[in-house]
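Listing of entry-v6.csv, CSV, N, CA, C and O atoms
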```csv
chain,number,residue,atom,x,y,z
A,1,MET,N,-82.7,43.3,-3.6
A,1,MET,CA,-82.1,44.2,-2.7
A,1,MET,C,-83.2,44.7,-1.7
A,1,MET,O,-83.0,44.9,-0.6
A,2,GLU,N,-84.4,45.0,-2.3
A,2,GLU,CA,-85.5,45.4,-1.4
A,2,GLU,C,-85.9,44.4,-0.4
A,2,GLU,O,-86.2,44.7,0.7
A,3,MET,N,-85.8,43.1,-0.8
A,3,MET,CA,-86.1,42.0,0.1
A,3,MET,C,-85.1,42.0,1.3
A,3,MET,O,-85.5,41.8,2.5
A,4,LEU,N,-83.8,42.3,1.0
A,4,LEU,CA,-82.8,42.3,2.1
A,4,LEU,C,-83.0,43.5,3.0
A,4,LEU,O,-82.9,43.4,4.2
A,5,ALA,N,-83.4,44.7,2.4
A,5,ALA,CA,-83.7,45.8,3.3
A,5,ALA,C,-84.9,45.6,4.2
A,5,ALA,O,-84.8,45.9,5.4
A,6,CYS,N,-85.9,45.0,3.7
A,6,CYS,CA,-87.1,44.7,4.5
A,6,CYS,C,-86.7,43.7,5.6
A,6,CYS,O,-87.2,43.8,6.7
A,7,ALA,N,-85.9,42.7,5.3
A,7,ALA,CA,-85.5,41.7,6.3
A,7,ALA,C,-84.7,42.4,7.4
A,7,ALA,O,-84.9,42.0,8.6
A,8,LEU,N,-83.8,43.3,7.0
A,8,LEU,CA,-83.1,44.0,8.1
A,8,LEU,C,-84.0,44.9,9.0
A,8,LEU,O,-83.8,44.9,10.2
A,9,ILE,N,-84.9,45.5,8.4
A,9,ILE,CA,-85.9,46.4,9.1
A,9,ILE,C,-86.7,45.5,10.1
A,9,ILE,O,-86.9,45.8,11.2
A,10,LEU,N,-87.2,44.3,9.5
A,10,LEU,CA,-87.9,43.4,10.4
A,10,LEU,C,-87.1,42.8,11.5
A,10,LEU,O,-87.5,42.7,12.6
A,11,LEU,N,-85.8,42.5,11.2
A,11,LEU,CA,-84.9,42.1,12.3
A,11,LEU,C,-84.7,43.1,13.4
A,11,LEU,O,-84.7,42.8,14.5
A,12,ALA,N,-84.6,44.4,13.0
A,12,ALA,CA,-84.4,45.5,13.9
A,12,ALA,C,-85.7,45.6,14.8
A,12,ALA,O,-85.6,45.8,16.0
A,13,LEU,N,-86.8,45.5,14.2
A,13,LEU,CA,-88.1,45.6,15.0
A,13,LEU,C,-88.2,44.4,15.9
A,13,LEU,O,-88.6,44.6,17.1
A,14,LEU,N,-87.9,43.2,15.5
A,14,LEU,CA,-88.0,42.1,16.3
A,14,LEU,C,-87.0,42.1,17.5
A,14,LEU,O,-87.4,41.8,18.6
A,15,GLU,N,-85.8,42.6,17.2
A,15,GLU,CA,-84.9,42.7,18.3
A,15,GLU,C,-85.3,43.8,19.3
A,15,GLU,O,-85.2,43.5,20.5
A,16,ARG,N,-85.8,44.9,18.8
A,16,ARG,CA,-86.3,45.9,19.8
A,16,ARG,C,-87.5,45.4,20.6
A,16,ARG,O,-87.5,45.6,21.8
A,17,LEU,N,-88.4,44.6,20.0
A,17,LEU,CA,-89.5,44.1,20.7
A,17,LEU,C,-89.0,43.0,21.7
A,17,LEU,O,-89.5,43.0,22.9
A,18,TRP,N,-88.0,42.2,21.4
A,18,TRP,CA,-87.5,41.2,22.3
A,18,TRP,C,-86.8,41.9,23.5
A,18,TRP,O,-87.0,41.5,24.6
A,19,ARG,N,-86.0,43.0,23.2
A,19,ARG,CA,-85.4,43.7,24.3
A,19,ARG,C,-86.4,44.3,25.3
A,19,ARG,O,-86.2,44.3,26.5
A,20,TRP,N,-87.5,44.8,24.7
A,20,TRP,CA,-88.6,45.4,25.5
A,20,TRP,C,-89.3,44.4,26.4
A,20,TRP,O,-89.5,44.5,27.5
A,21,ALA,N,-89.6,43.2,25.7
A,21,ALA,CA,-90.3,42.2,26.4
A,21,ALA,C,-89.4,41.5,27.5
A,21,ALA,O,-89.9,41.2,28.6
A,22,ALA,N,-88.2,41.3,27.2
A,22,ALA,CA,-87.3,40.7,28.2
A,22,ALA,C,-86.7,41.7,29.2
A,22,ALA,O,-85.9,41.3,30.1
A,23,LYS,N,-87.0,42.9,29.0
A,23,LYS,CA,-86.4,44.0,29.8
A,23,LYS,C,-84.9,44.0,29.9
A,23,LYS,O,-84.3,44.1,30.9
A,24,VAL,N,-84.3,43.8,28.7
A,24,VAL,CA,-82.9,43.8,28.5
A,24,VAL,C,-82.3,45.2,28.3
A,24,VAL,O,-82.8,45.9,27.5
A,25,ARG,N,-81.4,45.5,29.1
A,25,ARG,CA,-80.7,46.8,29.0
A,25,ARG,C,-79.8,46.8,27.8
A,25,ARG,O,-79.3,45.7,27.3
A,26,LYS,N,-79.5,47.9,27.2
A,26,LYS,CA,-78.6,48.0,26.1
A,26,LYS,C,-77.2,47.5,26.5
A,26,LYS,O,-76.6,48.0,27.5
A,27,SER,N,-76.7,46.6,25.8
A,27,SER,CA,-75.4,46.0,26.1
A,27,SER,C,-74.6,45.7,24.8
A,27,SER,O,-75.0,44.7,24.1
A,28,GLY,N,-73.6,46.5,24.5
A,28,GLY,CA,-72.9,46.2,23.3
A,28,GLY,C,-73.6,46.5,22.0
A,28,GLY,O,-74.6,47.2,22.0
A,29,ARG,N,-73.1,46.1,20.9
A,29,ARG,CA,-73.7,46.3,19.6
A,29,ARG,C,-74.9,45.3,19.4
A,29,ARG,O,-74.8,44.2,19.7
A,30,SER,N,-75.9,45.8,18.8
A,30,SER,CA,-77.1,45.0,18.5
A,30,SER,C,-76.9,44.2,17.2
A,30,SER,O,-76.0,44.5,16.4
A,31,ILE,N,-77.6,43.2,17.1
A,31,ILE,CA,-77.5,42.3,15.9
A,31,ILE,C,-77.9,43.1,14.6
A,31,ILE,O,-77.3,43.0,13.6
A,32,SER,N,-79.0,43.8,14.8
A,32,SER,CA,-79.5,44.6,13.6
A,32,SER,C,-78.5,45.7,13.2
A,32,SER,O,-78.4,46.0,12.0
A,33,ALA,N,-77.8,46.3,14.1
A,33,ALA,CA,-76.8,47.3,13.7
A,33,ALA,C,-75.7,46.7,12.9
A,33,ALA,O,-75.2,47.3,11.9
A,34,THR,N,-75.3,45.5,13.2
A,34,THR,CA,-74.2,44.8,12.4
A,34,THR,C,-74.8,44.5,11.0
A,34,THR,O,-74.1,44.7,10.0
A,35,GLY,N,-76.0,44.1,10.9
A,35,GLY,CA,-76.7,43.8,9.6
A,35,GLY,C,-76.7,45.1,8.8
A,35,GLY,O,-76.5,45.1,7.6
A,36,PHE,N,-77.1,46.2,9.4
A,36,PHE,CA,-77.2,47.5,8.7
A,36,PHE,C,-75.8,47.9,8.2
A,36,PHE,O,-75.7,48.5,7.1
A,37,ASP,N,-74.8,47.7,9.0
A,37,ASP,CA,-73.4,48.1,8.7
A,37,ASP,C,-73.0,47.3,7.4
A,37,ASP,O,-72.4,47.8,6.5
A,38,GLU,N,-73.3,46.0,7.4
A,38,GLU,CA,-72.9,45.2,6.3
A,38,GLU,C,-73.7,45.5,5.0
A,38,GLU,O,-73.1,45.5,3.9
A,39,PHE,N,-74.9,45.9,5.2
A,39,PHE,CA,-75.7,46.4,4.1
A,39,PHE,C,-75.2,47.7,3.5
A,39,PHE,O,-75.1,47.8,2.3
A,40,ALA,N,-74.8,48.6,4.4
A,40,ALA,CA,-74.2,49.9,3.9
A,40,ALA,C,-72.9,49.6,3.3
A,40,ALA,O,-72.5,50.3,2.3
A,41,ALA,N,-72.1,48.7,3.7
A,41,ALA,CA,-70.8,48.4,3.2
A,41,ALA,C,-70.9,47.8,1.7
A,41,ALA,O,-69.9,48.0,1.0
A,42,ALA,N,-72.0,47.3,1.4
A,42,ALA,CA,-72.2,46.8,0.0
A,42,ALA,C,-72.3,48.0,-1.0
A,42,ALA,O,-71.9,47.8,-2.1
A,43,PHE,N,-72.7,49.2,-0.5
A,43,PHE,CA,-72.8,50.3,-1.4
A,43,PHE,C,-71.7,51.4,-1.2
A,43,PHE,O,-71.4,52.1,-2.1
A,44,LEU,N,-71.1,51.4,0.0
A,44,LEU,CA,-70.1,52.4,0.3
A,44,LEU,C,-68.7,51.7,0.6
A,44,LEU,O,-68.6,50.9,1.6
A,45,SER,N,-67.7,52.0,-0.2
A,45,SER,CA,-66.4,51.3,0.0
A,45,SER,C,-65.8,51.9,1.3
A,45,SER,O,-65.0,51.1,2.0
A,46,SER,N,-66.1,53.1,1.7
A,46,SER,CA,-65.5,53.6,2.9
A,46,SER,C,-66.0,52.9,4.2
A,46,SER,O,-65.3,52.8,5.2
A,47,LYS,N,-67.3,52.5,4.1
A,47,LYS,CA,-67.9,51.7,5.2
A,47,LYS,C,-67.2,50.4,5.4
A,47,LYS,O,-66.9,49.9,6.5
A,48,ARG,N,-66.8,49.8,4.3
A,48,ARG,CA,-66.1,48.5,4.3
A,48,ARG,C,-64.7,48.7,5.0
A,48,ARG,O,-64.3,47.8,5.8
A,49,VAL,N,-64.1,49.7,4.6
A,49,VAL,CA,-62.8,50.0,5.3
A,49,VAL,C,-62.9,50.2,6.8
A,49,VAL,O,-62.1,49.7,7.6
A,50,GLN,N,-64.0,51.0,7.1
A,50,GLN,CA,-64.2,51.2,8.5
A,50,GLN,C,-64.5,49.9,9.3
A,50,GLN,O,-64.0,49.7,10.4
A,51,LEU,N,-65.3,49.0,8.7
A,51,LEU,CA,-65.6,47.7,9.4
A,51,LEU,C,-64.3,46.9,9.5
A,51,LEU,O,-64.2,46.2,10.5
A,52,GLU,N,-63.5,46.9,8.5
A,52,GLU,CA,-62.3,46.1,8.6
A,52,GLU,C,-61.3,46.7,9.6
A,52,GLU,O,-60.6,45.9,10.3
A,53,GLN,N,-61.3,48.0,9.7
A,53,GLN,CA,-60.4,48.6,10.8
A,53,GLN,C,-60.9,48.3,12.2
A,53,GLN,O,-60.2,48.0,13.1
A,54,ARG,N,-62.3,48.3,12.4
A,54,ARG,CA,-62.9,47.9,13.6
A,54,ARG,C,-62.5,46.5,14.0
A,54,ARG,O,-62.2,46.2,15.1
A,55,GLN,N,-62.6,45.6,13.0
A,55,GLN,CA,-62.3,44.2,13.3
A,55,GLN,C,-60.8,44.0,13.6
A,55,GLN,O,-60.5,43.2,14.5
A,56,SER,N,-59.9,44.7,12.9
A,56,SER,CA,-58.5,44.5,13.3
A,56,SER,C,-58.2,45.1,14.6
A,56,SER,O,-57.3,44.6,15.3
A,57,GLU,N,-58.9,46.2,15.1
A,57,GLU,CA,-58.6,46.7,16.4
A,57,GLU,C,-59.1,45.8,17.5
A,57,GLU,O,-58.5,45.8,18.6
A,58,THR,N,-60.1,45.0,17.3
A,58,THR,CA,-60.5,44.1,18.3
A,58,THR,C,-59.6,42.9,18.5
A,58,THR,O,-59.5,42.3,19.5
A,59,MET,N,-58.8,42.6,17.4
A,59,MET,CA,-57.8,41.6,17.5
A,59,MET,C,-56.5,42.0,18.1
A,59,MET,O,-55.7,41.1,18.6
A,60,LEU,N,-56.2,43.3,18.2
A,60,LEU,CA,-54.9,43.8,18.7
A,60,LEU,C,-55.0,43.8,20.2
A,60,LEU,O,-56.0,44.1,20.8
A,61,ARG,N,-53.8,43.5,20.8
A,61,ARG,CA,-53.7,43.5,22.2
A,61,ARG,C,-53.4,44.9,22.7
A,61,ARG,O,-52.5,45.6,22.1
A,62,ASP,N,-54.0,45.4,23.7
A,62,ASP,CA,-53.8,46.7,24.2
A,62,ASP,C,-53.2,46.7,25.6
A,62,ASP,O,-53.9,46.4,26.6
A,63,ASP,N,-51.9,46.9,25.8
A,63,ASP,CA,-51.2,46.8,27.1
A,63,ASP,C,-51.3,48.2,27.8
A,63,ASP,O,-51.3,49.2,27.1
A,64,GLU,N,-51.3,48.1,29.1
A,64,GLU,CA,-51.4,49.3,29.9
A,64,GLU,C,-50.1,50.1,29.7
A,64,GLU,O,-50.1,51.4,29.7
A,65,THR,N,-49.0,49.5,29.5
A,65,THR,CA,-47.7,50.2,29.4
A,65,THR,C,-47.2,50.5,28.0
A,65,THR,O,-46.1,51.0,27.8
A,66,ASP,N,-48.0,50.3,27.0
A,66,ASP,CA,-47.6,50.6,25.6
A,66,ASP,C,-47.3,52.1,25.5
A,66,ASP,O,-48.2,53.0,25.8
A,67,GLY,N,-46.2,52.4,25.0
A,67,GLY,CA,-45.8,53.8,24.8
A,67,GLY,C,-45.4,54.6,26.0
A,67,GLY,O,-45.1,55.8,25.9
A,68,ALA,N,-45.3,53.9,27.1
A,68,ALA,CA,-44.9,54.6,28.3
A,68,ALA,C,-43.7,53.9,28.9
A,68,ALA,O,-43.5,52.7,28.7
A,69,PRO,N,-42.8,54.7,29.6
A,69,PRO,CA,-41.7,54.0,30.3
A,69,PRO,C,-42.2,52.9,31.3
A,69,PRO,O,-43.3,53.1,31.8
A,70,PRO,N,-41.4,51.9,31.4
A,70,PRO,CA,-41.9,50.8,32.3
A,70,PRO,C,-42.0,51.3,33.8
A,70,PRO,O,-41.3,52.2,34.2
A,71,ALA,N,-42.8,50.7,34.5
A,71,ALA,CA,-43.1,50.9,35.9
A,71,ALA,C,-43.8,52.2,36.2
A,71,ALA,O,-44.0,52.5,37.4
A,72,ASN,N,-44.1,53.0,35.3
A,72,ASN,CA,-44.9,54.2,35.6
A,72,ASN,C,-46.4,53.8,35.5
A,72,ASN,O,-46.9,53.2,34.6
A,73,ARG,N,-47.1,54.1,36.6
A,73,ARG,CA,-48.5,53.7,36.7
A,73,ARG,C,-49.4,54.9,37.1
A,73,ARG,O,-49.0,55.7,37.9
A,74,ILE,N,-50.6,55.0,36.6
A,74,ILE,CA,-51.6,55.9,37.1
A,74,ILE,C,-52.8,55.1,37.6
A,74,ILE,O,-53.4,54.4,36.8
A,75,ASP,N,-53.1,55.2,38.8
A,75,ASP,CA,-54.2,54.5,39.4
A,75,ASP,C,-55.3,55.5,39.7
A,75,ASP,O,-55.2,56.3,40.7
A,76,THR,N,-56.3,55.6,38.9
A,76,THR,CA,-57.3,56.7,39.1
A,76,THR,C,-58.3,56.3,40.2
A,76,THR,O,-58.9,57.2,40.8
A,77,ALA,N,-58.4,55.1,40.5
A,77,ALA,CA,-59.3,54.7,41.6
A,77,ALA,C,-58.8,55.2,43.0
A,77,ALA,O,-59.6,55.6,43.8
A,78,ARG,N,-57.5,55.1,43.1
A,78,ARG,CA,-56.9,55.5,44.4
A,78,ARG,C,-56.3,56.9,44.4
A,78,ARG,O,-55.7,57.4,45.3
A,79,ASN,N,-56.4,57.6,43.2
A,79,ASN,CA,-55.7,58.9,43.0
A,79,ASN,C,-54.2,58.8,43.3
A,79,ASN,O,-53.7,59.7,44.0
A,80,LYS,N,-53.6,57.8,42.8
A,80,LYS,CA,-52.2,57.6,43.0
A,80,LYS,C,-51.4,57.5,41.7
A,80,LYS,O,-51.8,56.8,40.8
A,81,ILE,N,-50.2,58.2,41.7
A,81,ILE,CA,-49.4,58.1,40.5
A,81,ILE,C,-48.0,57.6,40.9
A,81,ILE,O,-47.4,58.1,41.9
A,82,THR,N,-47.5,56.6,40.3
A,82,THR,CA,-46.1,56.1,40.6
A,82,THR,C,-45.2,56.3,39.4
A,82,THR,O,-45.5,55.9,38.3
A,83,ILE,N,-44.2,57.1,39.6
A,83,ILE,CA,-43.2,57.4,38.6
A,83,ILE,C,-41.8,56.9,39.0
A,83,ILE,O,-41.4,57.2,40.1
A,84,VAL,N,-41.2,56.1,38.1
A,84,VAL,CA,-39.9,55.6,38.4
A,84,VAL,C,-38.9,56.3,37.6
A,84,VAL,O,-39.0,56.3,36.3
A,85,MET,N,-38.0,57.0,38.2
A,85,MET,CA,-36.9,57.8,37.4
A,85,MET,C,-35.8,56.9,37.0
A,85,MET,O,-35.4,56.0,37.7
A,86,PRO,N,-35.4,57.0,35.7
A,86,PRO,CA,-34.3,56.2,35.2
A,86,PRO,C,-33.0,56.6,35.8
A,86,PRO,O,-32.8,57.7,36.3
A,87,ASP,N,-32.1,55.6,35.9
A,87,ASP,CA,-30.8,55.9,36.5
A,87,ASP,C,-30.0,56.8,35.5
A,87,ASP,O,-30.0,56.6,34.3
A,88,LYS,N,-29.3,57.8,36.1
A,88,LYS,CA,-28.5,58.7,35.2
A,88,LYS,C,-27.1,58.3,35.3
A,88,LYS,O,-26.3,58.6,36.2
A,89,ARG,N,-26.7,57.5,34.3
A,89,ARG,CA,-25.3,56.9,34.3
A,89,ARG,C,-24.6,57.5,33.1
A,89,ARG,O,-25.0,57.8,32.1
```
So that I can check it, write out the structure of this file as structure tokens.
Amino acid sequence: MEMLACALILLALLERLWRWAAKVRKSGRSISATGFDEFAAAFLSSKRVQLEQRQSETMLRDDETDGAPPANRIDTARNKITIVMPDKR
């Protein structure tokens, strides 16, 4: 286990050094963060549940109109709201 922890720390240092040398801005999750999460999940069952939840959320489709009446839109770029009233029959 100590060998795995040392390898993860070395990976984090190498990744940080590479980002500094290549002048890469922070973009998304780092490789070492994923490794540390998996290492923590080996000891904490709640972390495993959290990782599985995160993975299932990435696979779900997120539509703009979910949970809202159709044709209602909010456009924040133009400061415009479109509301369609349903027919009262």
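A straight line drawn from atom N of Leu60 in chain A to atom C of Lys47 in chain A is 18.3 Å long.
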| remark: Separating atom N of Glu38 in chain A from atom N of Leu51 in chain A, to the nearest tenth of an Å, is a gap of 8.6 Å
| Residue with smallest distance to Ile9 in chain A - pool A:Ile81, A:Thr58, A:Phe36, A:Ser46, counting all atoms listed in the file |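 Going through A:Ile81, A:Thr58, A:Phe36, A:Ser46 one by one, the smallest distance to Ile9 in chain A is for A:Phe36.
For the atom pair formed by atom O of Arg16 in chain A and atom N of Gly35 in chain A, the distance is 15.9 Å, given to one decimal.
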Would you place a box with edges along x, y and z of the file around all atoms of range 3-7 of chain A listed there, add 5 Å to each of its six sides, and report the centre and edge lengths in Å to one decimal, as AutoDock Vina command-line options?
```
--center_x -85.0 --center_y 43.8 --center_z 3.9 --size_x 14.4 --size_y 14.2 --size_z 19.4
```
